[in-house]
>>> print(open('entry.cif').read())   # mmCIF, C-alpha atoms
data_coords
loop_
_atom_site.label_atom_id
_atom_site.label_comp_id
_atom_site.auth_asym_id
_atom_site.auth_seq_id
_atom_site.Cartn_x
_atom_site.Cartn_y
_atom_site.Cartn_z
CA MET A 1 92.36 75.84 19.40
CA GLY A 2 94.39 73.91 16.85
CA LYS A 3 97.37 76.19 17.38
CA SER A 4 97.00 75.75 21.10
CA ARG A 5 97.01 71.98 20.74
CA LEU A 6 100.02 72.10 18.46
CA LEU A 7 102.00 74.23 20.91
CA PHE A 8 100.89 72.17 23.84
CA GLY A 9 101.84 69.02 21.97
CA THR A 10 105.26 70.50 21.25
CA SER A 11 105.82 71.39 24.88
CA PHE A 12 104.57 67.97 25.98
CA PHE A 13 106.92 66.35 23.48
CA LEU A 14 109.85 68.40 24.77
CA LEU A 15 109.00 67.59 28.35
CA SER A 16 108.50 63.90 27.76
CA LEU A 17 111.83 63.80 25.94
CA ALA A 18 113.55 64.64 29.19
CA LEU A 19 112.54 61.42 30.93
CA PRO A 20 113.75 58.67 28.60
CA PHE A 21 116.65 60.92 27.68
CA GLY A 22 117.59 61.07 31.32
CA SER A 23 117.50 57.31 31.65
CA VAL A 24 119.89 56.96 28.74
CA LEU A 25 122.19 59.51 30.33
CA ALA A 26 122.13 57.60 33.59
CA ALA A 27 122.84 54.35 31.81
CA THR A 28 125.87 55.81 30.08
CA GLU A 29 127.27 57.40 33.24
CA PRO A 30 130.32 55.10 33.64
CA ALA A 31 131.41 55.90 30.08
CA ALA A 32 131.09 59.66 30.60
CA SER A 33 134.77 60.35 30.13
CA ALA A 34 134.70 58.54 26.78
CA LEU A 35 132.49 61.25 25.33
CA ALA A 36 133.86 64.44 23.83
CA TRP A 37 134.08 67.21 26.46
CA TRP A 38 131.38 69.31 24.80
CA VAL A 39 128.70 66.59 24.76
CA TRP A 40 127.63 66.95 28.40
CA PRO A 41 127.48 70.76 28.46
CA LEU A 42 125.50 70.64 25.19
CA LEU A 43 123.06 68.08 26.65
CA LEU A 44 122.84 70.26 29.74
CA LEU A 45 121.96 73.26 27.57
CA VAL A 46 119.20 71.30 25.79
CA VAL A 47 117.71 69.80 28.96
CA THR A 48 117.82 73.10 30.87
CA PHE A 49 116.14 74.79 27.89
CA VAL A 50 113.28 72.26 28.19
CA MET A 51 113.23 72.89 31.94
CA GLY A 52 113.01 76.62 31.35
CA VAL A 53 109.93 76.10 29.15
CA ALA A 54 108.40 73.68 31.64
CA ALA A 55 109.14 75.93 34.63
CA VAL A 56 107.23 78.87 33.15
CA LEU A 57 104.31 76.76 31.92
CA GLY A 58 104.17 74.73 35.13
CA GLY A 59 104.40 77.79 37.38
CA VAL A 60 107.50 76.64 39.24
CA GLY A 61 111.03 77.98 39.53
CA GLY A 62 113.86 76.57 37.43
CA GLY A 63 115.89 75.64 40.51
CA VAL A 64 113.36 73.18 41.84
CA LEU A 65 113.42 71.26 38.55
CA PHE A 66 117.15 71.59 38.04
CA VAL A 67 118.58 69.92 41.13
CA PRO A 68 116.53 66.68 41.21
CA ILE A 69 116.57 66.13 37.46
CA ILE A 70 120.22 66.97 36.80
CA SER A 71 121.48 65.14 39.89
CA GLY A 72 119.32 62.16 38.98
CA PHE A 73 120.25 61.77 35.35
CA PHE A 74 123.59 63.46 34.73
CA PRO A 75 127.02 62.28 35.90
CA PHE A 76 127.70 65.44 37.92
CA HIS A 77 128.19 65.17 41.68
CA LEU A 78 125.41 66.56 43.83
CA ASP A 79 127.78 69.20 45.26
CA PHE A 80 128.18 70.82 41.84
CA VAL A 81 124.53 70.35 40.93
CA ARG A 82 123.44 72.18 44.09
CA GLY A 83 125.94 75.00 43.53
CA THR A 84 124.79 75.33 39.92
CA GLY A 85 121.12 75.04 40.92
CA LEU A 86 121.47 78.00 43.26
CA LEU A 87 123.15 80.09 40.58
CA VAL A 88 120.45 79.12 38.06
CA ALA A 89 117.71 80.15 40.49
CA LEU A 90 119.66 83.29 41.36
CA ALA A 91 120.06 84.31 37.70
CA GLY A 92 116.34 83.85 37.08
CA ALA A 93 115.47 85.89 40.16
CA LEU A 94 117.93 88.64 39.23
CA ALA A 95 116.45 88.82 35.74
CA ALA A 96 112.87 89.09 37.01
CA GLY A 97 113.52 91.17 40.14
CA PRO A 98 114.01 94.69 38.72
CA GLY A 99 110.83 94.60 36.63
CA LEU A 100 108.75 93.24 39.50
CA LEU A 101 110.09 95.88 41.88
CA LYS A 102 109.48 98.70 39.40
CA MET A 103 105.90 97.53 38.80
CA ASN A 104 105.46 97.51 42.58
CA LEU A 105 104.32 93.89 42.46
CA ALA A 106 107.34 92.73 44.46
CA SER A 107 107.27 94.51 47.80
CA LEU A 108 110.61 95.48 49.28
CA ARG A 109 108.97 96.16 52.65
CA LEU A 110 107.55 92.63 52.74
CA ALA A 111 110.74 91.09 51.37
CA ILE A 112 113.35 92.66 53.67
CA PRO A 113 112.36 91.10 57.03
CA VAL A 114 111.60 87.78 55.35
CA ALA A 115 114.86 87.86 53.40
CA LEU A 116 116.87 88.57 56.51
CA ILE A 117 115.65 85.34 58.08
CA ALA A 118 115.61 83.19 54.94
CA SER A 119 119.08 84.29 53.79
CA SER A 120 120.61 83.76 57.25
CA PHE A 121 119.21 80.26 57.45
CA SER A 122 120.04 79.41 53.85
CA ILE A 123 123.68 79.87 54.91
CA VAL A 124 123.08 77.41 57.73
CA GLY A 125 121.36 75.04 55.28
CA ALA A 126 124.24 75.26 52.82
CA MET A 127 126.75 74.47 55.55
CA ILE A 128 124.69 71.53 56.78
CA GLY A 129 124.20 70.26 53.24
CA LEU A 130 127.90 70.38 52.49
CA ALA A 131 128.82 68.71 55.77
CA LEU A 132 126.39 65.80 55.51
CA PRO A 133 127.23 62.63 53.55
CA THR A 134 125.97 62.81 49.96
CA ASN A 135 123.59 59.85 50.32
CA VAL A 136 121.88 61.46 53.32
CA VAL A 137 121.39 64.69 51.33
CA GLN A 138 120.09 62.63 48.37
CA ILE A 139 117.52 60.89 50.58
CA ALA A 140 116.42 64.17 52.15
CA LEU A 141 116.30 65.80 48.70
CA GLY A 142 114.15 62.95 47.35
CA ALA A 143 111.77 63.21 50.29
CA THR A 144 111.58 67.00 49.92
CA ILE A 145 110.88 66.81 46.20
CA LEU A 146 108.10 64.28 46.80
CA GLY A 147 106.76 66.63 49.48
CA ILE A 148 106.81 69.48 46.95
CA CYS A 149 104.75 67.29 44.58
CA VAL A 150 102.16 66.79 47.31
CA LEU A 151 102.21 70.53 48.04
CA MET A 152 101.70 71.32 44.36
CA LEU A 153 98.80 68.88 44.19
CA THR A 154 97.04 70.03 47.32
CA ALA A 155 97.90 73.68 47.98
CA LYS A 156 95.19 76.13 47.15
CA LYS A 157 95.71 79.72 46.13
CA SER A 158 93.81 82.81 47.00
CA ALA A 159 93.93 85.76 44.61
CA VAL A 160 93.21 88.31 47.33
CA PRO A 161 93.01 86.69 50.79
CA ASP A 162 90.72 88.26 53.33
CA VAL A 163 92.96 89.89 55.92
CA ARG A 164 90.65 91.66 58.35
CA GLN A 165 93.32 93.08 60.56
CA ALA A 166 97.06 93.35 60.19
CA ASP A 167 99.06 91.92 63.08
CA ARG A 168 101.12 94.16 65.35
CA LEU A 169 104.46 93.27 63.83
CA SER A 170 103.43 93.90 60.23
CA SER A 171 101.75 97.15 61.32
CA ALA A 172 104.89 98.27 63.11
CA LEU A 173 106.98 97.39 60.06
CA ARG A 174 104.40 99.06 57.78
CA ILE A 175 104.13 95.97 55.60
CA TYR A 176 101.24 96.90 53.35
CA GLY A 177 100.76 98.29 49.92
CA VAL A 178 98.52 98.90 47.01
CA TYR A 179 98.47 97.56 43.48
CA GLN A 180 96.19 97.66 40.50
CA GLU A 181 94.85 94.37 39.15
CA ALA A 182 95.54 94.68 35.43
CA SER A 183 92.71 92.36 34.35
CA THR A 184 89.96 94.29 36.15
CA GLY A 185 91.53 97.70 36.79
CA GLU A 186 90.63 97.30 40.45
CA VAL A 187 92.93 99.00 42.95
CA ILE A 188 93.67 96.61 45.78
CA ASN A 189 94.96 97.65 49.18
CA TRP A 190 96.72 94.79 50.87
CA LYS A 191 98.12 94.02 54.28
CA VAL A 192 99.37 90.87 55.99
CA HIS A 193 98.72 88.97 59.19
CA ARG A 194 100.33 86.09 61.12
CA THR A 195 103.72 87.67 60.44
CA PRO A 196 105.60 86.07 63.37
CA LEU A 197 104.52 82.57 62.30
CA GLY A 198 105.35 83.35 58.67
CA LEU A 199 108.83 84.52 59.65
CA LEU A 200 109.34 81.33 61.66
CA LEU A 201 108.45 79.21 58.63
CA PHE A 202 111.04 81.09 56.58
CA ILE A 203 113.69 79.60 58.86
CA ALA A 204 112.82 76.15 57.50
CA ILE A 205 112.48 77.47 53.95
CA GLY A 206 115.92 79.09 54.14
CA VAL A 207 117.53 75.91 55.48
CA MET A 208 115.99 73.80 52.70
CA ALA A 209 116.93 76.28 49.98
CA GLY A 210 120.56 76.28 51.10
CA MET A 211 120.79 72.59 51.86
CA PHE A 212 119.43 71.34 48.55
CA GLY A 213 120.30 74.25 46.26
CA LEU A 214 116.63 74.62 45.37
CA GLY A 215 114.98 77.90 44.65
CA ALA A 216 112.30 78.20 47.30
CA GLY A 217 109.39 79.72 45.37
CA TRP A 218 107.37 76.53 45.91
CA ALA A 219 107.43 77.28 49.65
CA ASN A 220 107.58 81.09 49.62
CA VAL A 221 104.32 81.55 47.74
CA PRO A 222 102.07 79.41 50.00
CA VAL A 223 103.47 81.04 53.13
CA LEU A 224 103.16 84.60 51.80
CA ASN A 225 99.76 84.00 50.19
CA LEU A 226 97.89 81.44 52.26
CA LEU A 227 99.43 82.04 55.69
CA MET A 228 100.32 85.74 55.72
CA GLY A 229 97.51 86.79 53.41
CA ALA A 230 99.42 88.74 50.76
CA PRO A 231 97.57 88.80 47.41
CA LEU A 232 98.67 86.05 45.03
CA LYS A 233 100.35 88.41 42.55
CA ILE A 234 102.23 90.20 45.32
CA SER A 235 103.22 86.80 46.80
CA VAL A 236 104.48 85.38 43.51
CA ALA A 237 106.41 88.55 42.61
CA THR A 238 107.87 89.04 46.10
CA SER A 239 108.80 85.36 46.23
CA LYS A 240 110.67 85.61 42.93
CA PHE A 241 112.51 88.69 44.14
CA LEU A 242 113.20 87.02 47.51
CA LEU A 243 115.10 84.26 45.74
CA SER A 244 117.65 86.82 44.57
CA ILE A 245 118.51 87.39 48.24
CA THR A 246 118.03 83.92 49.76
CA ASP A 247 119.92 82.17 46.97
CA THR A 248 122.69 84.77 47.00
CA SER A 249 123.72 83.98 50.56
CA ALA A 250 123.66 80.21 50.01
CA ALA A 251 125.39 80.59 46.63
CA TRP A 252 128.30 82.38 48.31
CA ILE A 253 128.84 79.35 50.57
CA TYR A 254 128.87 76.99 47.59
CA VAL A 255 131.15 79.30 45.59
CA ASN A 256 133.58 79.60 48.48
CA GLN A 257 133.58 75.85 49.02
CA GLY A 258 134.55 75.28 45.37
CA CYS A 259 131.22 73.83 44.22
CA VAL A 260 131.19 75.80 40.99
CA ILE A 261 132.36 74.47 37.64
CA PRO A 262 131.78 77.10 34.92
CA MET A 263 131.30 74.38 32.30
CA LEU A 264 128.13 73.38 34.17
CA VAL A 265 126.99 76.79 35.37
CA VAL A 266 126.96 78.81 32.15
CA PRO A 267 125.12 76.35 29.85
CA SER A 268 122.57 75.83 32.63
CA ILE A 269 121.90 79.54 33.13
CA VAL A 270 121.71 80.20 29.37
CA GLY A 271 119.50 77.14 28.77
CA ILE A 272 117.03 77.99 31.54
CA MET A 273 116.81 81.63 30.50
CA LEU A 274 116.27 80.86 26.81
CA GLY A 275 113.67 78.26 27.79
CA SER A 276 111.94 80.82 30.01
CA PHE A 277 111.68 83.28 27.11
CA VAL A 278 110.09 80.58 24.92
CA GLY A 279 107.91 79.43 27.83
CA VAL A 280 106.51 82.93 28.29
CA ARG A 281 105.52 83.01 24.62
CA LEU A 282 103.97 79.52 24.79
CA LEU A 283 102.11 80.50 27.94
CA GLN A 284 99.64 82.51 25.90
CA VAL A 285 98.48 79.46 23.98
CA ALA A 286 99.44 76.38 26.00
CA LYS A 287 97.29 74.83 28.73
CA PRO A 288 99.25 75.48 31.93
CA THR A 289 97.11 73.10 33.99
CA VAL A 290 98.08 70.10 31.90
CA VAL A 291 101.71 71.17 31.75
CA ARG A 292 101.63 71.56 35.52
CA TRP A 293 100.60 67.92 35.78
CA ILE A 294 103.53 66.92 33.59
CA VAL A 295 105.87 68.96 35.78
CA ILE A 296 104.49 67.25 38.90
CA ILE A 297 105.00 63.83 37.31
CA MET A 298 108.54 64.78 36.25
CA LEU A 299 109.30 66.03 39.75
CA GLY A 300 107.81 62.90 41.30
CA PHE A 301 109.95 60.72 39.06
CA ALA A 302 113.08 62.76 39.84
CA GLY A 303 112.26 62.73 43.57
CA LEU A 304 111.90 58.94 43.55
CA ARG A 305 115.17 58.60 41.68
CA ALA A 306 116.96 60.85 44.21
CA LEU A 307 115.49 58.76 47.03
CA MET A 308 116.58 55.51 45.39
CA LYS A 309 120.05 56.89 44.66
CA GLY A 310 120.42 57.96 48.27
CA LEU A 311 119.29 54.55 49.50
CA GLY A 312 121.64 52.83 47.06
CA ILE A 313 118.78 51.01 45.30
CA MET B 1 101.50 104.75 62.04
CA ALA B 2 99.70 101.43 61.77
CA ASP B 3 96.70 103.00 60.11
CA HIS B 4 98.66 105.00 57.61
CA ARG B 5 97.92 103.84 54.06
CA ASP B 6 100.10 104.65 51.14
CA ASP B 7 97.71 104.98 48.25
CA SER B 8 100.41 105.51 45.70
CA LEU B 9 100.58 102.77 43.11
CA GLN B 10 104.18 103.66 42.47
CA ALA B 11 107.11 101.91 44.11
CA GLY B 12 108.86 103.88 46.85
CA PRO B 13 112.18 105.63 46.13
CA GLU B 14 114.27 102.98 47.91
CA GLN B 15 112.54 100.25 45.90
CA VAL B 16 113.16 102.12 42.65
CA LEU B 17 116.83 102.63 43.54
CA TYR B 18 117.20 98.97 44.47
CA ALA B 19 115.60 97.90 41.17
CA TYR B 20 117.82 100.26 39.17
CA ILE B 21 121.07 98.92 40.65
CA LEU B 22 119.86 95.32 40.44
CA GLU B 23 118.99 95.72 36.78
CA LYS B 24 122.34 97.29 35.81
CA GLY B 25 124.30 94.70 37.79
CA MET B 26 122.26 91.82 36.39
CA TYR B 27 122.74 92.87 32.75
CA PHE B 28 126.42 93.55 33.28
CA GLY B 29 126.97 90.26 35.09
CA LEU B 30 125.08 88.13 32.58
CA LEU B 31 126.73 89.68 29.53
CA PHE B 32 130.13 89.41 31.19
CA LEU B 33 129.38 85.75 32.03
CA ILE B 34 128.59 84.91 28.41
CA LEU B 35 131.68 86.77 27.21
CA THR B 36 134.07 85.05 29.63
CA PHE B 37 132.51 81.68 28.86
CA LEU B 38 133.03 82.19 25.13
CA LEU B 39 136.67 83.15 25.75
CA TYR B 40 137.03 79.95 27.77
CA VAL B 41 135.10 77.53 25.60
CA LEU B 42 136.52 78.80 22.29
CA GLY B 43 140.02 78.38 23.67
CA VAL B 44 140.93 82.08 23.44
CA ILE B 45 142.19 81.87 27.02
CA SER B 46 143.66 78.57 28.17
CA PRO B 47 141.88 76.91 31.09
CA TYR B 48 143.47 75.58 34.27
CA ILE B 49 141.72 72.23 33.79
CA PRO B 50 141.89 71.19 30.12
CA LYS B 51 138.39 70.95 28.66
CA ALA B 52 138.99 67.35 27.61
CA ASP B 53 139.69 66.42 31.26
CA ILE B 54 136.82 68.24 32.90
CA SER B 55 134.54 65.17 32.90
CA ARG B 56 137.03 63.41 35.18
CA TYR B 57 136.34 65.96 37.89
CA TRP B 58 132.64 66.75 37.90
CA SER B 59 131.62 63.35 39.24
CA LEU B 60 133.88 63.72 42.30
CA ASN B 61 132.62 65.30 45.50
CA VAL B 62 133.90 68.82 46.08
CA SER B 63 136.63 67.80 48.55
CA ASP B 64 138.09 65.23 46.15
CA TYR B 65 137.73 67.65 43.23
CA LEU B 66 139.67 70.39 45.01
CA HIS B 67 142.31 67.92 46.18
CA THR B 68 142.73 66.13 42.82
CA ALA B 69 142.74 69.32 40.75
CA LYS B 70 144.95 71.10 43.30
CA ILE B 71 142.54 73.98 43.70
CA GLU B 72 142.11 75.93 46.91
CA ALA B 73 138.67 76.87 48.17
CA GLY B 74 137.53 80.39 49.10
CA TRP B 75 138.87 83.42 47.28
CA ALA B 76 142.03 81.64 46.10
CA TRP B 77 140.52 81.62 42.60
CA LEU B 78 141.47 85.32 42.37
CA SER B 79 145.07 84.29 41.79
CA MET B 80 143.90 82.04 38.92
CA VAL B 81 141.76 84.47 36.89
CA GLY B 82 144.39 84.33 34.16
CA TYR B 83 142.97 80.92 33.28
CA GLY B 84 139.89 80.77 31.04
CA ASP B 85 137.83 78.64 33.42
CA PHE B 86 138.58 80.73 36.51
CA LEU B 87 137.95 83.97 34.63
CA ASN B 88 134.27 82.92 34.67
CA PHE B 89 134.28 83.34 38.45
CA VAL B 90 134.45 87.12 38.04
CA PRO B 91 130.93 87.51 36.54
CA ILE B 92 129.58 84.79 38.86
CA VAL B 93 130.81 86.81 41.82
CA ILE B 94 129.31 89.98 40.31
CA LEU B 95 125.93 88.24 40.04
CA ALA B 96 126.22 86.95 43.59
CA GLY B 97 127.44 90.31 44.89
CA ILE B 98 125.00 92.72 43.30
CA THR B 99 122.43 92.22 46.07
CA ILE B 100 124.96 93.42 48.64
CA ILE B 101 125.41 96.66 46.70
CA CYS B 102 121.63 97.08 46.36
CA PHE B 103 121.08 96.80 50.10
CA ALA B 104 124.04 99.04 50.92
CA ALA B 105 122.73 101.68 48.50
CA ILE B 106 119.27 101.95 50.07
CA VAL B 107 120.52 102.36 53.65
CA PRO B 108 121.20 106.15 53.41
CA LEU B 109 117.84 106.66 51.69
CA LEU B 110 115.95 104.75 54.39
CA TRP B 111 117.84 106.60 57.12
CA LYS B 112 117.08 109.95 55.53
CA GLU B 113 113.39 109.05 55.42
CA LYS B 114 113.62 108.26 59.14
CA ASP B 115 112.79 104.64 58.39
CA ARG B 116 115.38 103.60 60.97
CA VAL B 117 114.09 100.04 61.49
CA TYR B 118 114.37 99.17 57.81
CA ALA B 119 117.74 100.96 57.56
CA CYS B 120 118.99 98.70 60.36
CA LEU B 121 117.47 95.60 58.72
CA ALA B 122 119.19 96.52 55.45
CA VAL B 123 122.53 96.96 57.27
CA LEU B 124 122.03 93.56 58.90
CA GLU B 125 121.35 92.00 55.50
CA VAL B 126 124.54 93.53 54.14
CA LEU B 127 126.51 92.11 57.08
CA ILE B 128 125.01 88.65 56.60
CA LEU B 129 125.75 88.60 52.88
CA VAL B 130 129.28 89.94 53.43
CA LEU B 131 129.83 87.22 56.02
CA ALA B 132 128.66 84.58 53.55
CA ALA B 133 130.82 86.08 50.81
CA SER B 134 133.89 86.38 53.00
CA GLY B 135 134.60 82.67 53.01
CA ILE B 136 134.96 82.72 56.81
CA LEU B 137 132.06 80.30 57.13
CA GLY B 138 133.44 76.88 56.30
CA SER B 139 131.85 73.49 56.40
CA GLY B 140 132.84 70.16 57.73
CA GLY B 141 133.25 68.79 54.24
CA HIS B 142 132.20 65.29 53.33
#
>>> encode(input="entry.cif", output="structure tokens")
Amino acid sequence: MGKSRLLFGTSFFLLSLALPFGSVLAATEPAASALAWWVWPLLLLVVTFVMGVAAVLGGVGGGVLFVPIISGFFPFHLDFVRGTGLLVALAGALAAGPGLLKMNLASLRLAIPVALIASSFSIVGAMIGLALPTNVVQIALGATILGICVLMLTAKKSAVPDVRQADRLSSALRIYGVYQEASTGEVINWKVHRTPLGLLLFIAIGVMAGMFGLGAGWANVPVLNLLMGAPLKISVATSKFLLSITDTSAAWIYVNQGCVIPMLVVPSIVGIMLGSFVGVRLLQVAKPTVVRWIVIIMLGFAGLRALMKGLGI
Amino acid sequence: MADHRDDSLQAGPEQVLYAYILEKGMYFGLLFLILTFLLYVLGVISPYIPKADISRYWSLNVSDYLHTAKIEAGWAWLSMVGYGDFLNFVPIVILAGITIICFAAIVPLLWKEKDRVYACLAVLEVLILVLAASGILGSGGH
């Protein structure tokens, strides 16, 4: 218990560092060029490391933390933050994808039709996001992040939803599977329903992922789990794998438009990944529920800041 | 067909193949990314934008950045890979491109298994990703 408290305290300390730290960064923004070139990438590495820890403990993707926090408190333009955010989310999804597919937790049959829609519309979202004025994107980003906070606070989860009958489309596409629940040894046959509605919602998810450079796990999981009825583990794993496809298509648009500065991308990817490794270790002893609250508060703060920035307040 | 249940706990062959290629590409891309970044940041290969000047650019919007730094969008970076900063685009493109290879690789397998619908969906996904990667799709800019 004591060890748990210590580790939780450490993670809380790291997380709470990010907020006042961010305010200082924002305050020093006009003098950014006066700092040595390596200061900002180093700060980025430290902050993304903390984000990586928080993302694992809070049960969210790195991308959803990255864009609002970095765009809110660092001197980088939103165009580069979104491009980097997509690559950060993509790297995390690529790292997790092979293992999840091999374990048969991520379902390729479930992912392919969904990915086709989400990746097509993430291209549309990226093009819209890059065409709109920055302040409009900031306002929409702030509103979306606050919406994600509400979703995180209110959305329920169902370990194995009761799907009495698969719908025609999912039957025709043979979207079903079987997995073994490691904690109980139970073999669970799963199928999905409401597939047409689920696919329609992935249009909106794809647009938002591309427009804001956010990973879309926060939206994928509720749709796959609560709406379509895939078991929670299958939903989480398939969602993570899905990001490797959805974010790829949007990332190409940002790369081709020039929204990639390696000095921002590489420290961010390394920081998030190192933080994720530490987060996974802390997960065994920390209290994810409390950390989740901290993540929600951090996101709420970052969402408000994005909204205020967009409104020029 | 709708009532058929696959009781195997193992991933299907196309899923295993996809995972195998994704894993190799991911490791290669990430290691390559770290290597090229070290070459850039340690000054082994000179960058196009001097490191000391980079903070002048990252607060600009992308249109102003490209204009001020005299950089062309799209695949024009290929002609600049001799610079340390643009060399980093190679592993970034590998990471962004590996999914295209994964989908292309499973098409023959799906077709052979007479899973024609999924073979067609995989081909469509390849086409969409290639379209995105091609640079044909522009934006209105800011």
>>> atom_distance(input="entry.cif", atom1="CA of Gly229 (chain A)", atom2="CA of Ala105 (chain B)")
29.7 Å
>>> resolve_selection(input="entry.cif", expression="the PyMOL selection byres ((chain A and resi 48-54) around 10)", output="PyMOL selection string")
chain A and resi 11-18+42-47+55-66+69-70+88+92+267-283+288+291-292+294-295
>>> write_last_selection(input="entry.cif", atoms="C-alpha atoms", output="PDB file, keeping the file's coordinate frame")
ATOM      1  CA  SER A  11     105.820  71.390  24.880  1.00  0.00           C
ATOM      2  CA  PHE A  12     104.570  67.970  25.980  1.00  0.00           C
ATOM      3  CA  PHE A  13     106.920  66.350  23.480  1.00  0.00           C
ATOM      4  CA  LEU A  14     109.850  68.400  24.770  1.00  0.00           C
ATOM      5  CA  LEU A  15     109.000  67.590  28.350  1.00  0.00           C
ATOM      6  CA  SER A  16     108.500  63.900  27.760  1.00  0.00           C
ATOM      7  CA  LEU A  17     111.830  63.800  25.940  1.00  0.00           C
ATOM      8  CA  ALA A  18     113.550  64.640  29.190  1.00  0.00           C
ATOM      9  CA  LEU A  42     125.500  70.640  25.190  1.00  0.00           C
ATOM     10  CA  LEU A  43     123.060  68.080  26.650  1.00  0.00           C
ATOM     11  CA  LEU A  44     122.840  70.260  29.740  1.00  0.00           C
ATOM     12  CA  LEU A  45     121.960  73.260  27.570  1.00  0.00           C
ATOM     13  CA  VAL A  46     119.200  71.300  25.790  1.00  0.00           C
ATOM     14  CA  VAL A  47     117.710  69.800  28.960  1.00  0.00           C
ATOM     15  CA  ALA A  55     109.140  75.930  34.630  1.00  0.00           C
ATOM     16  CA  VAL A  56     107.230  78.870  33.150  1.00  0.00           C
ATOM     17  CA  LEU A  57     104.310  76.760  31.920  1.00  0.00           C
ATOM     18  CA  GLY A  58     104.170  74.730  35.130  1.00  0.00           C
ATOM     19  CA  GLY A  59     104.400  77.790  37.380  1.00  0.00           C
ATOM     20  CA  VAL A  60     107.500  76.640  39.240  1.00  0.00           C
ATOM     21  CA  GLY A  61     111.030  77.980  39.530  1.00  0.00           C
ATOM     22  CA  GLY A  62     113.860  76.570  37.430  1.00  0.00           C
ATOM     23  CA  GLY A  63     115.890  75.640  40.510  1.00  0.00           C
ATOM     24  CA  VAL A  64     113.360  73.180  41.840  1.00  0.00           C
ATOM     25  CA  LEU A  65     113.420  71.260  38.550  1.00  0.00           C
ATOM     26  CA  PHE A  66     117.150  71.590  38.040  1.00  0.00           C
ATOM     27  CA  ILE A  69     116.570  66.130  37.460  1.00  0.00           C
ATOM     28  CA  ILE A  70     120.220  66.970  36.800  1.00  0.00           C
ATOM     29  CA  VAL A  88     120.450  79.120  38.060  1.00  0.00           C
ATOM     30  CA  GLY A  92     116.340  83.850  37.080  1.00  0.00           C
ATOM     31  CA  PRO A 267     125.120  76.350  29.850  1.00  0.00           C
ATOM     32  CA  SER A 268     122.570  75.830  32.630  1.00  0.00           C
ATOM     33  CA  ILE A 269     121.900  79.540  33.130  1.00  0.00           C
ATOM     34  CA  VAL A 270     121.710  80.200  29.370  1.00  0.00           C
ATOM     35  CA  GLY A 271     119.500  77.140  28.770  1.00  0.00           C
ATOM     36  CA  ILE A 272     117.030  77.990  31.540  1.00  0.00           C
ATOM     37  CA  MET A 273     116.810  81.630  30.500  1.00  0.00           C
ATOM     38  CA  LEU A 274     116.270  80.860  26.810  1.00  0.00           C
ATOM     39  CA  GLY A 275     113.670  78.260  27.790  1.00  0.00           C
ATOM     40  CA  SER A 276     111.940  80.820  30.010  1.00  0.00           C
ATOM     41  CA  PHE A 277     111.680  83.280  27.110  1.00  0.00           C
ATOM     42  CA  VAL A 278     110.090  80.580  24.920  1.00  0.00           C
ATOM     43  CA  GLY A 279     107.910  79.430  27.830  1.00  0.00           C
ATOM     44  CA  VAL A 280     106.510  82.930  28.290  1.00  0.00           C
ATOM     45  CA  ARG A 281     105.520  83.010  24.620  1.00  0.00           C
ATOM     46  CA  LEU A 282     103.970  79.520  24.790  1.00  0.00           C
ATOM     47  CA  LEU A 283     102.110  80.500  27.940  1.00  0.00           C
ATOM     48  CA  PRO A 288      99.250  75.480  31.930  1.00  0.00           C
ATOM     49  CA  VAL A 291     101.710  71.170  31.750  1.00  0.00           C
ATOM     50  CA  ARG A 292     101.630  71.560  35.520  1.00  0.00           C
ATOM     51  CA  ILE A 294     103.530  66.920  33.590  1.00  0.00           C
ATOM     52  CA  VAL A 295     105.870  68.960  35.780  1.00  0.00           C
TER      53      VAL A 295
END
>>> atom_distance(input="entry.cif", atom1="CA of Tyr20 (chain B)", atom2="CA of Leu94 (chain A)")
11.6 Å
>>> closest_residue(input="entry.cif", among="B:Val62, B:Ile101, B:Leu38, B:Ala76", to="chain A", atoms="only C-alpha atoms")
B:Val62
>>> residues_around(input="entry.cif", residues="Ile117 (chain A)", least_positions_apart="4", cutoff="8 Å", atoms="all atoms listed in the file", output="PyMOL selection string")
chain A and resi 113+121+199+202-203+206
>>> resolve_selection(input="entry.cif", expression="the PyMOL selection byres ((chain A and resi 171) around 12)", output="list in words")
Arg109, Leu110, Gln165, Ala166, Asp167, Arg168, Leu169, Ser170, Ala172, Leu173, Arg174, Ile175, Tyr176, Gly177, Trp190, Lys191, Val192, His193, Arg194, Thr195 and Pro196 of chain A; Met1, Ala2, Asp3, His4 and Arg5 of chain B
>>> closest_residue(input="entry.cif", among="B:Ala133, B:Leu42, B:Leu127, B:Val90", to="chain A", atoms="only C-alpha atoms")
B:Ala133
>>> residues_around(input="entry.cif", residues="Trp75 (chain B)", least_positions_apart="2", cutoff="12 Å", atoms="all atoms listed in the file", output="ChimeraX atom specification")
/A:252-258 /B:71-73,77-81,86,89-90,93,133-136
>>> closest_residue(input="entry.cif", among="B:Leu110, B:Leu39, B:Ile45, B:Leu95", to="chain A", atoms="all atoms listed in the file")
B:Leu95
>>> atom_distance(input="entry.cif", atom1="CA of Leu124 (chain B)", atom2="CA of Asn225 (chain A)")
25.8 Å
>>> resolve_selection(input="entry.cif", expression="the PyMOL selection byres ((chain B and resi 11) around 9)", output="list in words")
Leu101, Lys102, Met103, Asn104, Leu105, Ser107 and Leu108 of chain A; Ser8, Leu9, Gln10, Gly12, Pro13, Glu14, Gln15 and Val16 of chain B
>>> residues_near_point(input="entry.cif", point="(114.9, 58.0, 47.1)", cutoff="9 Å", atoms="only C-alpha atoms", output="list of chain:residue names")
A:Gln138, A:Ile139, A:Ala140, A:Leu141, A:Gly142, A:Ala143, A:Ala302, A:Gly303, A:Leu304, A:Arg305, A:Ala306, A:Leu307, A:Met308, A:Lys309, A:Gly310, A:Leu311, A:Gly312, A:Ile313
